[in-house]
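See below for input_39.cif, which holds mmCIF, C-alpha atoms.
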data_upload
loop_
_atom_site.group_PDB
_atom_site.id
_atom_site.type_symbol
_atom_site.label_atom_id
_atom_site.label_comp_id
_atom_site.auth_asym_id
_atom_site.auth_seq_id
_atom_site.Cartn_x
_atom_site.Cartn_y
_atom_site.Cartn_z
ATOM 1 C CA MET A 1 -31.110 -66.818 -46.942
ATOM 2 C CA ASP A 2 -30.283 -65.151 -50.260
ATOM 3 C CA ILE A 3 -31.401 -62.021 -52.090
ATOM 4 C CA ARG A 4 -33.968 -63.880 -54.197
ATOM 5 C CA SER A 5 -35.699 -65.371 -51.151
ATOM 6 C CA LEU A 6 -35.833 -61.890 -49.599
ATOM 7 C CA GLN A 7 -37.349 -60.486 -52.787
ATOM 8 C CA TYR A 8 -39.982 -63.229 -52.695
ATOM 9 C CA PHE A 9 -40.675 -62.480 -49.036
ATOM 10 C CA LEU A 10 -41.070 -58.744 -49.699
ATOM 11 C CA ALA A 11 -43.439 -59.403 -52.604
ATOM 12 C CA VAL A 12 -45.732 -61.489 -50.383
ATOM 13 C CA ALA A 13 -45.540 -58.877 -47.603
ATOM 14 C CA ARG A 14 -46.443 -56.132 -50.063
ATOM 15 C CA GLU A 15 -49.320 -57.953 -51.764
ATOM 16 C CA GLU A 16 -50.593 -59.657 -48.567
ATOM 17 C CA SER A 17 -51.303 -62.647 -50.799
ATOM 18 C CA ILE A 18 -49.125 -65.465 -52.105
ATOM 19 C CA THR A 19 -51.296 -65.730 -55.218
ATOM 20 C CA LYS A 20 -51.022 -62.014 -56.070
ATOM 21 C CA ALA A 21 -47.299 -62.009 -55.234
ATOM 22 C CA ALA A 22 -46.742 -64.947 -57.588
ATOM 23 C CA GLU A 23 -48.489 -62.991 -60.356
ATOM 24 C CA THR A 24 -46.263 -59.928 -59.858
ATOM 25 C CA LEU A 25 -43.177 -62.163 -59.824
ATOM 26 C CA HIS A 26 -44.346 -63.994 -62.996
ATOM 27 C CA MET A 27 -44.166 -67.392 -61.347
ATOM 28 C CA THR A 28 -46.618 -70.026 -60.144
ATOM 29 C CA GLN A 29 -47.879 -70.205 -56.568
ATOM 30 C CA PRO A 30 -46.402 -73.590 -55.424
ATOM 31 C CA PRO A 31 -42.688 -72.670 -55.792
ATOM 32 C CA LEU A 32 -43.324 -69.303 -54.108
ATOM 33 C CA SER A 33 -45.101 -70.986 -51.183
ATOM 34 C CA ARG A 34 -42.236 -73.465 -50.909
ATOM 35 C CA ALA A 35 -39.652 -70.639 -50.927
ATOM 36 C CA ILE A 36 -41.474 -68.861 -48.071
ATOM 37 C CA ARG A 37 -41.688 -72.101 -46.042
ATOM 38 C CA ASP A 38 -37.966 -72.747 -46.646
ATOM 39 C CA LEU A 39 -37.165 -69.226 -45.420
ATOM 40 C CA GLU A 40 -39.250 -69.740 -42.274
ATOM 41 C CA ASP A 41 -37.560 -73.113 -41.671
ATOM 42 C CA GLU A 42 -34.117 -71.567 -42.099
ATOM 43 C CA LEU A 43 -34.868 -68.787 -39.610
ATOM 44 C CA GLY A 44 -36.859 -71.001 -37.267
ATOM 45 C CA LYS A 45 -39.568 -68.341 -37.148
ATOM 46 C CA GLN A 46 -43.065 -67.961 -38.555
ATOM 47 C CA LEU A 47 -43.059 -64.887 -40.779
ATOM 48 C CA PHE A 48 -46.710 -64.778 -41.895
ATOM 49 C CA VAL A 49 -50.108 -65.454 -40.376
ATOM 50 C CA ARG A 50 -52.088 -67.168 -43.126
ATOM 51 C CA GLY A 51 -55.724 -66.097 -43.119
ATOM 52 C CA SER A 52 -58.588 -67.036 -45.389
ATOM 53 C CA ARG A 53 -58.422 -63.777 -47.346
ATOM 54 C CA LYS A 54 -54.871 -62.513 -46.847
ATOM 55 C CA VAL A 55 -51.551 -63.163 -45.148
ATOM 56 C CA THR A 56 -50.160 -60.726 -42.597
ATOM 57 C CA LEU A 57 -46.711 -60.307 -41.108
ATOM 58 C CA THR A 58 -45.883 -61.602 -37.649
ATOM 59 C CA ASP A 59 -43.690 -59.504 -35.336
ATOM 60 C CA ASP A 60 -40.650 -61.427 -36.613
ATOM 61 C CA GLY A 61 -41.848 -60.834 -40.164
ATOM 62 C CA LEU A 62 -42.017 -57.090 -39.527
ATOM 63 C CA ILE A 63 -38.407 -57.110 -38.320
ATOM 64 C CA LEU A 64 -37.274 -59.046 -41.391
ATOM 65 C CA ARG A 65 -39.169 -56.719 -43.742
ATOM 66 C CA GLY A 66 -37.249 -53.684 -42.480
ATOM 67 C CA ARG A 67 -33.881 -55.425 -42.774
ATOM 68 C CA ALA A 68 -34.727 -56.984 -46.151
ATOM 69 C CA GLU A 69 -35.652 -53.595 -47.617
ATOM 70 C CA GLU A 70 -32.309 -52.188 -46.459
ATOM 71 C CA LEU A 71 -30.380 -55.137 -47.925
ATOM 72 C CA ILE A 72 -32.120 -54.935 -51.301
ATOM 73 C CA GLU A 73 -31.563 -51.163 -51.421
ATOM 74 C CA LEU A 74 -27.879 -51.595 -50.575
ATOM 75 C CA MET A 75 -27.510 -54.332 -53.214
ATOM 76 C CA GLU A 76 -28.997 -52.097 -55.915
ATOM 77 C CA LYS A 77 -26.776 -49.204 -54.854
ATOM 78 C CA THR A 78 -23.672 -51.412 -55.001
ATOM 79 C CA LYS A 79 -24.607 -52.833 -58.415
ATOM 80 C CA ASN A 80 -25.088 -49.355 -59.863
ATOM 81 C CA GLU A 81 -21.717 -48.237 -58.495
ATOM 82 C CA ILE A 82 -19.863 -51.158 -60.079
ATOM 83 C CA ILE A 83 -21.413 -50.994 -63.541
ATOM 84 C CA SER A 84 -20.849 -47.249 -64.010
ATOM 85 C CA SER A 85 -18.370 -46.379 -66.775
ATOM 86 C CA ASP A 86 -14.767 -45.336 -66.136
ATOM 87 C CA TYR A 87 -14.948 -42.719 -68.873
ATOM 88 C CA ASP A 88 -18.434 -41.291 -68.970
ATOM 89 C CA ILE A 89 -18.993 -40.998 -65.227
ATOM 90 C CA SER A 90 -22.577 -41.752 -64.295
ATOM 91 C CA GLY A 91 -24.449 -43.272 -61.421
ATOM 92 C CA ASP A 92 -26.194 -42.205 -58.254
ATOM 93 C CA VAL A 93 -25.288 -40.040 -55.281
ATOM 94 C CA TYR A 94 -27.239 -40.546 -52.056
ATOM 95 C CA ILE A 95 -27.494 -37.690 -49.551
ATOM 96 C CA GLY A 96 -29.378 -37.420 -46.273
ATOM 97 C CA GLY A 97 -30.226 -34.272 -44.364
ATOM 98 C CA GLY A 98 -32.823 -32.276 -42.531
ATOM 99 C CA GLU A 99 -34.604 -29.134 -43.634
ATOM 100 C CA SER A 100 -31.927 -26.463 -43.923
ATOM 101 C CA GLU A 101 -30.908 -23.593 -46.156
ATOM 102 C CA ALA A 102 -27.606 -25.474 -46.520
ATOM 103 C CA ILE A 103 -29.345 -27.826 -48.955
ATOM 104 C CA SER A 104 -29.003 -24.987 -51.490
ATOM 105 C CA TYR A 105 -25.225 -25.217 -51.022
ATOM 106 C CA LEU A 106 -25.326 -28.922 -51.879
ATOM 107 C CA ALA A 107 -27.635 -28.180 -54.819
ATOM 108 C CA ASP A 108 -25.142 -25.632 -56.217
ATOM 109 C CA ALA A 109 -22.429 -28.317 -56.205
ATOM 110 C CA ALA A 110 -24.725 -30.775 -58.004
ATOM 111 C CA CYS A 111 -25.620 -28.125 -60.581
ATOM 112 C CA GLU A 112 -21.951 -27.390 -61.229
ATOM 113 C CA LEU A 113 -21.096 -31.089 -61.578
ATOM 114 C CA GLN A 114 -24.060 -31.633 -63.892
ATOM 115 C CA LYS A 115 -22.356 -29.498 -66.547
ATOM 116 C CA LYS A 116 -19.513 -32.013 -66.717
ATOM 117 C CA TYR A 117 -21.317 -35.250 -65.875
ATOM 118 C CA PRO A 118 -25.016 -34.958 -66.808
ATOM 119 C CA ASN A 119 -25.664 -38.649 -66.144
ATOM 120 C CA ILE A 120 -25.105 -38.445 -62.402
ATOM 121 C CA HIS A 121 -28.405 -38.669 -60.532
ATOM 122 C CA TYR A 122 -29.115 -37.626 -56.965
ATOM 123 C CA HIS A 123 -31.293 -39.028 -54.200
ATOM 124 C CA ILE A 124 -32.162 -36.859 -51.198
ATOM 125 C CA TYR A 125 -33.451 -38.488 -48.014
ATOM 126 C CA ALA A 126 -35.061 -36.192 -45.454
ATOM 127 C CA GLY A 127 -34.700 -36.973 -41.770
ATOM 128 C CA ASP A 128 -33.386 -35.738 -38.457
ATOM 129 C CA GLY A 129 -29.772 -36.179 -37.407
ATOM 130 C CA GLU A 130 -30.248 -39.605 -35.862
ATOM 131 C CA GLN A 131 -32.057 -40.954 -38.918
ATOM 132 C CA VAL A 132 -29.427 -39.585 -41.294
ATOM 133 C CA ALA A 133 -26.575 -40.996 -39.178
ATOM 134 C CA GLU A 134 -28.257 -44.414 -39.102
ATOM 135 C CA LYS A 135 -28.566 -44.521 -42.903
ATOM 136 C CA LEU A 136 -24.975 -43.339 -43.217
ATOM 137 C CA ASP A 137 -23.675 -46.009 -40.848
ATOM 138 C CA LYS A 138 -25.555 -48.727 -42.746
ATOM 139 C CA GLY A 139 -24.143 -47.615 -46.090
ATOM 140 C CA LEU A 140 -27.548 -46.634 -47.477
ATOM 141 C CA ILE A 141 -26.412 -43.074 -48.238
ATOM 142 C CA ASP A 142 -23.040 -41.645 -49.271
ATOM 143 C CA PHE A 143 -23.171 -38.336 -47.439
ATOM 144 C CA GLY A 144 -25.037 -36.669 -44.612
ATOM 145 C CA LEU A 145 -25.745 -33.071 -43.690
ATOM 146 C CA LEU A 146 -25.468 -32.878 -39.906
ATOM 147 C CA VAL A 147 -25.123 -30.419 -37.069
ATOM 148 C CA ALA A 148 -22.574 -31.203 -34.368
ATOM 149 C CA GLU A 149 -25.284 -31.708 -31.740
ATOM 150 C CA PRO A 150 -26.778 -34.198 -30.949
ATOM 151 C CA ILE A 151 -24.789 -36.358 -33.399
ATOM 152 C CA GLY A 152 -21.081 -36.603 -32.636
ATOM 153 C CA ILE A 153 -19.307 -35.997 -35.940
ATOM 154 C CA GLU A 154 -15.898 -37.151 -34.745
ATOM 155 C CA LYS A 155 -16.551 -40.682 -35.982
ATOM 156 C CA TYR A 156 -16.929 -39.362 -39.543
ATOM 157 C CA ASP A 157 -14.761 -37.595 -42.066
ATOM 158 C CA TYR A 158 -16.313 -34.219 -42.716
ATOM 159 C CA ILE A 159 -16.195 -30.747 -44.180
ATOM 160 C CA ARG A 160 -17.386 -27.845 -42.087
ATOM 161 C CA LEU A 161 -19.570 -25.864 -44.470
ATOM 162 C CA PRO A 162 -19.111 -22.085 -44.807
ATOM 163 C CA ILE A 163 -22.764 -21.565 -43.936
ATOM 164 C CA LYS A 164 -24.742 -21.721 -40.695
ATOM 165 C CA ASP A 165 -28.331 -22.306 -39.742
ATOM 166 C CA THR A 166 -29.849 -19.285 -37.993
ATOM 167 C CA TRP A 167 -32.567 -19.844 -35.419
ATOM 168 C CA GLY A 168 -35.505 -17.601 -34.766
ATOM 169 C CA VAL A 169 -39.252 -17.537 -34.196
ATOM 170 C CA LEU A 170 -41.938 -17.853 -36.872
ATOM 171 C CA MET A 171 -45.235 -16.188 -35.964
ATOM 172 C CA ARG A 172 -48.302 -14.504 -37.397
ATOM 173 C CA ASP A 173 -47.576 -10.946 -38.464
ATOM 174 C CA ASP A 174 -50.404 -9.732 -36.196
ATOM 175 C CA SER A 175 -49.122 -11.538 -33.097
ATOM 176 C CA PRO A 176 -48.142 -9.577 -29.956
ATOM 177 C CA LEU A 177 -44.418 -10.266 -30.528
ATOM 178 C CA ALA A 178 -44.401 -9.329 -34.230
ATOM 179 C CA GLY A 179 -43.400 -5.729 -33.512
ATOM 180 C CA LYS A 180 -40.145 -6.720 -31.809
ATOM 181 C CA ASP A 181 -36.815 -6.658 -33.648
ATOM 182 C CA TYR A 182 -35.701 -9.850 -31.925
ATOM 183 C CA ILE A 183 -37.127 -12.406 -29.535
ATOM 184 C CA THR A 184 -35.660 -13.310 -26.152
ATOM 185 C CA ALA A 185 -36.178 -16.496 -24.192
ATOM 186 C CA GLU A 186 -38.214 -14.577 -21.630
ATOM 187 C CA ASP A 187 -40.640 -13.495 -24.380
ATOM 188 C CA LEU A 188 -41.563 -17.149 -24.929
ATOM 189 C CA TRP A 189 -41.863 -18.505 -21.408
ATOM 190 C CA ASP A 190 -45.632 -17.982 -21.296
ATOM 191 C CA LYS A 191 -46.350 -18.635 -24.987
ATOM 192 C CA PRO A 192 -47.569 -21.817 -26.743
ATOM 193 C CA LEU A 193 -44.480 -23.155 -28.487
ATOM 194 C CA ILE A 194 -44.010 -25.263 -31.612
ATOM 195 C CA VAL A 195 -40.610 -26.980 -31.806
ATOM 196 C CA SER A 196 -38.994 -29.565 -34.051
ATOM 197 C CA GLN A 197 -38.674 -33.163 -32.928
ATOM 198 C CA GLN A 198 -34.888 -32.975 -33.282
ATOM 199 C CA ALA A 199 -34.533 -29.630 -31.515
ATOM 200 C CA SER A 200 -36.467 -31.008 -28.554
ATOM 201 C CA LYS A 201 -33.819 -33.735 -28.203
ATOM 202 C CA ILE A 202 -30.828 -31.422 -28.007
ATOM 203 C CA GLY A 203 -29.648 -29.431 -25.046
ATOM 204 C CA ALA A 204 -29.070 -26.246 -27.040
ATOM 205 C CA LEU A 205 -32.790 -25.481 -27.333
ATOM 206 C CA PHE A 206 -33.483 -25.606 -23.615
ATOM 207 C CA ARG A 207 -30.173 -23.943 -22.751
ATOM 208 C CA TRP A 208 -31.196 -20.999 -24.918
ATOM 209 C CA LEU A 209 -34.696 -20.942 -23.437
ATOM 210 C CA LYS A 210 -33.226 -21.226 -19.914
ATOM 211 C CA ARG A 211 -36.066 -23.552 -19.010
ATOM 212 C CA SER A 212 -36.627 -27.306 -19.023
ATOM 213 C CA GLU A 213 -39.221 -28.866 -21.309
ATOM 214 C CA ASP A 214 -41.559 -29.408 -18.358
ATOM 215 C CA GLU A 215 -41.488 -25.688 -17.546
ATOM 216 C CA LEU A 216 -42.589 -24.664 -21.053
ATOM 217 C CA ASN A 217 -45.886 -24.868 -22.907
ATOM 218 C CA ILE A 218 -44.863 -26.962 -25.921
ATOM 219 C CA VAL A 219 -48.107 -27.509 -27.822
ATOM 220 C CA LEU A 220 -46.711 -29.185 -30.955
ATOM 221 C CA LYS A 221 -43.610 -31.036 -32.144
ATOM 222 C CA TYR A 222 -42.921 -31.333 -35.858
ATOM 223 C CA ASN A 223 -40.517 -32.925 -38.319
ATOM 224 C CA LEU A 224 -41.606 -30.945 -41.401
ATOM 225 C CA ILE A 225 -41.578 -27.202 -40.924
ATOM 226 C CA TYR A 226 -44.040 -26.477 -43.754
ATOM 227 C CA ASN A 227 -46.726 -28.534 -42.020
ATOM 228 C CA ALA A 228 -45.963 -26.829 -38.722
ATOM 229 C CA SER A 229 -46.167 -23.398 -40.358
ATOM 230 C CA GLN A 230 -49.831 -24.051 -41.135
ATOM 231 C CA PHE A 231 -50.458 -24.320 -37.392
ATOM 232 C CA VAL A 232 -48.647 -21.001 -36.943
ATOM 233 C CA LYS A 233 -50.919 -19.416 -39.572
ATOM 234 C CA SER A 234 -53.953 -20.578 -37.631
ATOM 235 C CA GLY A 235 -52.620 -18.867 -34.498
ATOM 236 C CA PHE A 236 -51.845 -22.128 -32.685
ATOM 237 C CA GLY A 237 -48.450 -21.065 -31.406
ATOM 238 C CA TYR A 238 -44.974 -19.651 -31.943
ATOM 239 C CA LEU A 239 -42.583 -21.823 -33.941
ATOM 240 C CA ILE A 240 -38.918 -21.986 -32.943
ATOM 241 C CA GLY A 241 -37.069 -22.962 -36.093
ATOM 242 C CA LEU A 242 -34.633 -22.063 -38.837
ATOM 243 C CA ASP A 243 -34.672 -18.977 -41.018
ATOM 244 C CA LYS A 244 -35.374 -18.955 -44.771
ATOM 245 C CA LEU A 245 -37.370 -22.183 -44.880
ATOM 246 C CA ILE A 246 -40.844 -20.618 -44.908
ATOM 247 C CA ASN A 247 -42.009 -17.748 -47.109
ATOM 248 C CA THR A 248 -42.763 -14.701 -44.952
ATOM 249 C CA SER A 249 -43.026 -12.125 -47.735
ATOM 250 C CA GLY A 250 -46.023 -10.376 -49.238
ATOM 251 C CA ASP A 251 -49.400 -11.590 -48.027
ATOM 252 C CA SER A 252 -48.090 -14.757 -46.340
ATOM 253 C CA GLY A 253 -49.452 -13.514 -43.003
ATOM 254 C CA LEU A 254 -46.240 -14.647 -41.295
ATOM 255 C CA CYS A 255 -43.052 -13.044 -40.057
ATOM 256 C CA PHE A 256 -39.746 -14.411 -38.783
ATOM 257 C CA LYS A 257 -37.810 -12.772 -35.958
ATOM 258 C CA PRO A 258 -34.241 -13.677 -34.984
ATOM 259 C CA VAL A 259 -33.568 -14.621 -31.382
ATOM 260 C CA SER A 260 -31.327 -12.844 -28.898
ATOM 261 C CA PRO A 261 -28.768 -13.828 -27.902
ATOM 262 C CA ALA A 262 -28.140 -15.027 -31.449
ATOM 263 C CA TRP A 263 -28.289 -18.783 -31.953
ATOM 264 C CA GLU A 264 -26.545 -20.359 -34.917
ATOM 265 C CA SER A 265 -25.726 -23.989 -35.716
ATOM 266 C CA ASP A 266 -22.590 -25.135 -37.517
ATOM 267 C CA LEU A 267 -23.237 -27.500 -40.405
ATOM 268 C CA TYR A 268 -21.107 -30.412 -41.527
ATOM 269 C CA PHE A 269 -21.024 -32.456 -44.725
ATOM 270 C CA VAL A 270 -20.033 -35.900 -43.472
ATOM 271 C CA TRP A 271 -19.197 -39.381 -44.723
ATOM 272 C CA LYS A 272 -17.983 -42.631 -43.176
ATOM 273 C CA LYS A 273 -14.276 -42.956 -42.437
ATOM 274 C CA TYR A 274 -12.451 -45.154 -44.965
ATOM 275 C CA GLN A 275 -15.467 -44.978 -47.257
ATOM 276 C CA VAL A 276 -14.968 -46.426 -50.744
ATOM 277 C CA PHE A 277 -17.007 -44.167 -53.017
ATOM 278 C CA SER A 278 -18.591 -44.799 -56.369
ATOM 279 C CA ARG A 279 -17.098 -42.682 -59.148
ATOM 280 C CA ALA A 280 -20.142 -40.419 -59.088
ATOM 281 C CA ALA A 281 -19.975 -39.886 -55.319
ATOM 282 C CA ALA A 282 -16.206 -39.270 -55.466
ATOM 283 C CA GLU A 283 -16.673 -36.552 -58.080
ATOM 284 C CA TYR A 284 -19.431 -34.948 -56.048
ATOM 285 C CA LEU A 285 -17.198 -34.878 -52.967
ATOM 286 C CA LYS A 286 -14.460 -33.187 -54.978
ATOM 287 C CA CYS A 287 -16.957 -30.550 -56.050
ATOM 288 C CA ILE A 288 -18.062 -29.888 -52.444
ATOM 289 C CA GLN A 289 -14.418 -29.667 -51.351
ATOM 290 C CA SER A 290 -13.560 -27.147 -54.071
ATOM 291 C CA GLN A 291 -16.583 -25.027 -53.108
ATOM 292 C CA SER A 292 -15.516 -25.063 -49.465
ATOM 293 C CA ASP A 293 -11.856 -24.115 -50.015
#
Spit out the file's structure as structure tokens when you get a sec.
Amino acid sequence: MDIRSLQYFLAVAREESITKAAETLHMTQPPLSRAIRDLEDELGKQLFVRGSRKVTLTDDGLILRGRAEELIELMEKTKNEIISSDYDISGDVYIGGGESEAISYLADAACELQKKYPNIHYHIYAGDGEQVAEKLDKGLIDFGLLVAEPIGIEKYDYIRLPIKDTWGVLMRDDSPLAGKDYITAEDLWDKPLIVSQQASKIGALFRWLKRSEDELNIVLKYNLIYNASQFVKSGFGYLIGLDKLINTSGDSGLCFKPVSPAWESDLYFVWKKYQVFSRAAAEYLKCIQSQSD
């Protein structure tokens, strides 16, 4: 199994047709069909169900598609790292992280580095801590922005950023709790709650609320806070989330109240131990380190 056979496989999976895939690959159908059969013979698994109108992936084919996409992505990343110039540093930096004000900290470093090396390009992958850690472990990203919980950062090299995420409650500005200066756990026990998918996995949320998930009325879980904020606007519930991610000024109809006792999350810029960086990624790390000193 080589990269070319995986590229052929992905083309067929994408087009759902060997004929259309052959056209996109600028080759004839017979050698493509033979390459797919050879791949199936090598793996000892049927990868496609051949129908009269289209081909569809089997369960084994679905597994291979996910792994093949990762391998191709990693190959392209490695190629770009190697061919970048020693003198005019260029290339790509891959970063993963969730929605956080700390992204502005990483953006400031990129902006500063851009003045010196304008040919460095950046790729930001959004995801929760587990998704970011998985991409980091597989070498698909260079750096991750993580909180200490639920991901253990001890297996990574890291910089503790001089910035924290502050938790609070997003609500309509005409809601019964909008007049309070801060929100306590007791204020929320009988309210419809909107929480992030990641926050619902960590103990800190329910420790602060002093209730288990089963004892609360969680009406919505989200992974993108902007989408969830639209439910807040409609009066669907109270969103427990991070400050400064949603506009609450002017006629937004929303307000954000900090919680009491205060709840803050430490943020870490992490990378794999013994990581060999591209020149672009190494320069970016230096920039983050100088900002954090």
Restricting the calculation to only C-alpha atoms, which member of A:Glu73, A:Asp142, A:Asp266, A:Glu16 is positioned closest to A:Ile163?
-> A:Asp266
May I ask which of the residues A:Glu69, A:Asp41, A:Asp2, A:Asp92 is the closest one to A:Ala282, counting only C-alpha atoms?
-> A:Asp92
Taking the file above as input, evaluate the PyMOL selection byres ((chain A and resi 241-250) around 8) and report the hits as a PyMOL selection string.
-> chain A and resi 99-101+165-170+195-196+225-226+229+239-240+251-256
Choose the residue, out of A:Phe236, A:Trp189, A:Tyr94, A:Tyr8, that has the smallest atom-to-atom separation from A:Ile141; count all atoms listed in the file.
->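 Result for the nearest residue to A:Ile141: A:Tyr94.
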Skip stretch 284-291 of chain A itself and residues of its chain fewer than 4 positions away, then list as a PyMOL selection string all residues within 9 Å of it, counting all atoms listed in the file.
-> chain A and resi 93+105-106+109-110+112-113+143+159+269+279-280
For the selection you just gave me, I'd like the residues written to a file as a CSV table (one decimal), keeping the file's coordinate frame, keeping C-alpha atoms.
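Done, and the output landed in selection.csv:
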chain,number,residue,atom,x,y,z
A,93,VAL,CA,-25.3,-40.0,-55.3
A,105,TYR,CA,-25.2,-25.2,-51.0
A,106,LEU,CA,-25.3,-28.9,-51.9
A,109,ALA,CA,-22.4,-28.3,-56.2
A,110,ALA,CA,-24.7,-30.8,-58.0
A,112,GLU,CA,-22.0,-27.4,-61.2
A,113,LEU,CA,-21.1,-31.1,-61.6
A,143,PHE,CA,-23.2,-38.3,-47.4
A,159,ILE,CA,-16.2,-30.7,-44.2
A,269,PHE,CA,-21.0,-32.5,-44.7
A,279,ARG,CA,-17.1,-42.7,-59.1
A,280,ALA,CA,-20.1,-40.4,-59.1
Given the PyMOL selection byres ((chain A and resi 130) around 12), the residues it picks as a ChimeraX atom specification = /A:96-98,126-129,131-137,144-153,197-199,201-202
A:Ala13: which residues within 8 Å, counting only C-alpha atoms, same-chain residues fewer than 4 positions away excluded, as an mmCIF file with C-alpha atoms, in the frame of the given file?
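Contents of selection-v6.cif, as written:
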data_model
loop_
_atom_site.group_PDB
_atom_site.id
_atom_site.type_symbol
_atom_site.label_atom_id
_atom_site.label_comp_id
_atom_site.auth_asym_id
_atom_site.auth_seq_id
_atom_site.Cartn_x
_atom_site.Cartn_y
_atom_site.Cartn_z
ATOM 1 C CA PHE A 9 -40.675 -62.480 -49.036
ATOM 2 C CA SER A 17 -51.303 -62.647 -50.799
ATOM 3 C CA VAL A 55 -51.551 -63.163 -45.148
ATOM 4 C CA THR A 56 -50.160 -60.726 -42.597
ATOM 5 C CA LEU A 57 -46.711 -60.307 -41.108
ATOM 6 C CA ARG A 65 -39.169 -56.719 -43.742
#
Separation of atom CA of A:Ile194 from atom CA of A:Gln230 in Å | 11.2 Å
At what distance in Å, to one decimal, does atom CA of A:Ile36 lie from atom CA of A:Ser5?
-> 7.4 Å
Using all atoms listed in the file, determine which residues lie at most 9 Å from A:Gly235, disregarding the query and same-chain residues fewer than 6 positions distant; provide the list as an NGL selection string.
-> :A and (171-172 or 175)
